[in-house]
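Below is one structure, written out as structure tokens, with a few remarks after it.
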Number of protein chains: 2
Amino acid sequence: MRIGVLGTGMVGKTIGARLVGLGHEVVLGSRTPDNPSASAWARQVGDGADRGTFADAARFGELLFNCTAGTGSLAAVGSADEGDLVGKVLIDVANPLDFSQGFPPSLSVVNTDSLGEQIQRAHPALRVVKALNTMNCQIMVDPGRLGATHHVFLSGDDADAKGTVVRLLQEFGWPASCIIDLGDITTARGPEMFLPLWLRLYGVLATGEFNIAVVR
Amino acid sequence: MRIGVLGTGMVGKTIGARLVGLGHEVVLGSRTPDNPSASAWARQVGDGADRGTFADAARFGELLFNCTAGTGSLAAVGSADEGDLVGKVLIDVANPLDFSQGFPPSLSVVNTDSLGEQIQRAHPALRVVKALNTMNCQIMVDPGRLGATHHVFLSGDDADAKGTVVRLLQEFGWPASCIIDLGDITTARGPEMFLPLWLRLYGVLATGEFNIAVVR
């Protein structure tokens with residue numbers, strides 16, 4: 001599959017490399033066509049990995065990942081040619097973290113809205129699925145690295161799009177039984193508002209190598 | 001131990017009955033001295049169970065539980081005689097849920113403040129420990145009813161107070177290894193902001209009989 005990954009931070013590069021390893025072709029998108037970090041990533045990952053602008057990545061991908069910082073996500077997706085978004089699934093991994101007051105960050109969107117909804121509203125032709133934002137990127141692409149069962153959440157309005165995301169998560173190693181469909185895109189408020197607890201756990205555990213499980 | 005439980009809803013009555021069952025004496029407090037629901041509870045639970053006003057419960061208890069609705073918590077604690085609060089541990093189980101726009105509720109306090117902090121600021125003589133607000137009340141007082149390991153979080157400024165709460169949680173059945181101290185009272189923002197995710201999971205699972213585990 002041809003996949004556009006928006007964002008050249010740790011999350012974008014980790015997801016992009018994993019996708020290439022699974023046999024997909026990836027363009028990693030950033031603000032500029034020749035972002036040094038993205039170019040180094042493409043050279044290192046090799047065949048199947050390329051880089052370009054956000055618009056290049058959006059044009060290339062049959063499916064898109066939003067791995068930008070939450071505060072830049074609307075601008076990143078918005079810099080794509082709108083015609084290149086039509087009907088495409090966008091997996092929104094970003095969190096609307098506001099670091100302007102230091103650490104821990106607060107959320108710039110809460111309660112009655114979410115970043116996932118903002119992207120969906122701004123681009124009705126996209127099929128946005130919120131997923132994977134509740135854990136670090138090593139766990140996103142290799143859930144088996146933790147010692148017990150844990151879960152990932154999906155939020156989105158389009159059932160077929162969620163089916164596509166489930167299949168991709170299974171390629172990453174997620175058992176179907178560990179993927180919880182929360183409902184429509186408004187349910188993205190829940191996983192996004194989980195971040196303040198994640199950040200405190202990160203502080204206490206002194207590692208991002210954890211995730212949550214829903215125990216019944 | 002003499003314990004004052006503020007709030008006569010399901011949470012207050014469940015915690016109160018469990019405490020009496022463990023051999024503690026409990027006064028369940030409400031706005032009025034003769035709340036019919038609290039009186040029925042006291043009759044049903046029997047020896048060791050009594051009811052009164054919020055002020056009566058605060059006076060009686062060596063330790064207090066806040067089990068009121070979050071929107072009424074500051075008024076409930078505030079109706080106690082301030083001298084009856086000095087040095088006492090208050091376990092804040094409440095969530096600042098705002099149902100004014102329907103279900104699911106949003107949170108009336110987020111990001112840079114929490115209900116736990118509001119209560120602590122309003123009553124510096126209290127030693128507030130946020131705990132147990134991330135699950136339903138049957139699980140709070142009987143964690144073994146779930147089929148696998150799961151966790152409870154503590155937030156508070158006073159180490160001795162948190163030690164007292166740990167011992168009480170152990171009486172409820174919580175193994176020490178399942179109690180995670182997140183840090184000072186500002187960390188209560190994390191567990192409170194988890195509620196929107198809890199509410200979506202409640203919707204999907206169609207039961208409140210679940211909790212989260214931190215998996216490493």
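FYI, nothing fancy with the structure tokens labels: chains A, B, ... in order, residues from 1 per chain, ligands from 1 as they appear.
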
What residues in chain B lie within 7 Å of chain A, counting only C-alpha atoms, written as a PyMOL selection string? chain B and resi 106-107+111-112+146-148+150+182+187+189-191+193-194+196-197+200-201+204+209-216

Got a sec: who's within 12 Å of range 8-10 of chain B, counting only C-alpha atoms, leaving out chain neighbours fewer than 4 positions off, as an MDAnalysis selection string? chainID B and resid 4 14:17 27:42 50:54 57 65:69 76 94 136:138 140

Can you tell me how far CA of Asp47 in chain A sits from CA of Gly23 in chain A, in Å to one decimal? 9.6 Å

Which residues, written as a PyMOL selection string, have at least one atom at most 6 Å from range 119-130 of chain B, with only C-alpha atoms counted and residues fewer than 4 positions away on the same chain left out? chain B and resi 85-92+154-156

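In terms of minimum interatomic distance to Ile185 in chain A, A:Leu115 ranks closest within A:Ala58, A:Ile139, A:Val152, A:Leu115, counting only C-alpha atoms.
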
Considering only strand (DSSP E) as DSSP defines it on the backbone, what residues of range 75-195 of chain B qualify? List them as number ranges by chain. B: 89-92, 97-98, 106-107, 127-131, 152-156, 179-183

Save out the residues we just selected, C-alpha atoms, as a PDB file, in the first residue's frame.
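Output file selection.pdb is given in full below:
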```
ATOM      1  CA  VAL B  89      -7.552  13.051  55.758  1.00  0.00           C
ATOM      2  CA  LEU B  90     -10.252  13.535  53.110  1.00  0.00           C
ATOM      3  CA  ILE B  91     -10.379  10.919  50.372  1.00  0.00           C
ATOM      4  CA  ASP B  92     -11.840  12.669  47.353  1.00  0.00           C
ATOM      5  CA  LEU B  97     -18.908  16.052  35.870  1.00  0.00           C
ATOM      6  CA  ASP B  98     -21.134  18.634  34.230  1.00  0.00           C
ATOM      7  CA  SER B 106     -18.095  17.166  30.215  1.00  0.00           C
ATOM      8  CA  LEU B 107     -15.756  18.204  33.021  1.00  0.00           C
ATOM      9  CA  ARG B 127      -5.173  16.609  53.878  1.00  0.00           C
ATOM     10  CA  VAL B 128      -6.854  15.768  50.576  1.00  0.00           C
ATOM     11  CA  VAL B 129      -6.011  12.545  48.756  1.00  0.00           C
ATOM     12  CA  LYS B 130      -7.632  11.951  45.383  1.00  0.00           C
ATOM     13  CA  ALA B 131      -8.337   8.259  44.905  1.00  0.00           C
ATOM     14  CA  VAL B 152      -5.920   2.642  41.561  1.00  0.00           C
ATOM     15  CA  PHE B 153      -4.229   6.049  41.623  1.00  0.00           C
ATOM     16  CA  LEU B 154      -3.382   8.388  44.534  1.00  0.00           C
ATOM     17  CA  SER B 155      -2.718  12.128  44.392  1.00  0.00           C
ATOM     18  CA  GLY B 156      -2.010  14.262  47.446  1.00  0.00           C
ATOM     19  CA  ILE B 179      -1.818   1.308  44.205  1.00  0.00           C
ATOM     20  CA  ILE B 180       0.041   3.904  42.134  1.00  0.00           C
ATOM     21  CA  ASP B 181       1.070   7.145  43.860  1.00  0.00           C
ATOM     22  CA  LEU B 182       1.031   9.756  41.073  1.00  0.00           C
ATOM     23  CA  GLY B 183       2.477  12.542  43.223  1.00  0.00           C
TER      24      GLY B 183
END
```

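Distances from A:Phe99, A:Ser177, A:Asp184, A:Arg167 to Gly116 in chain A were compared using only C-alpha atoms, and the smallest one belongs to A:Asp184.
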
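The space between CA of Val77 in chain B and CA of Ala176 in chain B spans 28.9 Å.
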
Ranking A:Ala75, A:Leu169, A:Leu64, A:Ala55 by minimum distance to Asp142 in chain A and counting only C-alpha atoms, which one comes first? A:Leu169

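Candidate residues A:Ala206, A:Asp160, A:Gly46, A:Leu132 were compared for distance to Gly21 in chain A, and the nearest is A:Gly46, using only C-alpha atoms.
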
Members of range 5-214 of chain A assigned helix (DSSP H, G or I) by DSSP, as a PyMOL selection string: chain A and resi 10-21+36-45+54-60+70-78+82-84+115-122+137-141+143-145+159-172+176-178+185-193+195-205

Can you tell me, as a PyMOL selection string, what residues are no more than 12 Å from Leu22 in chain A when counting only C-alpha atoms, ignoring any on the same chain fewer than 3 positions away? chain A and resi 1-3+15-19+25-26+47-49+141-142+168-173
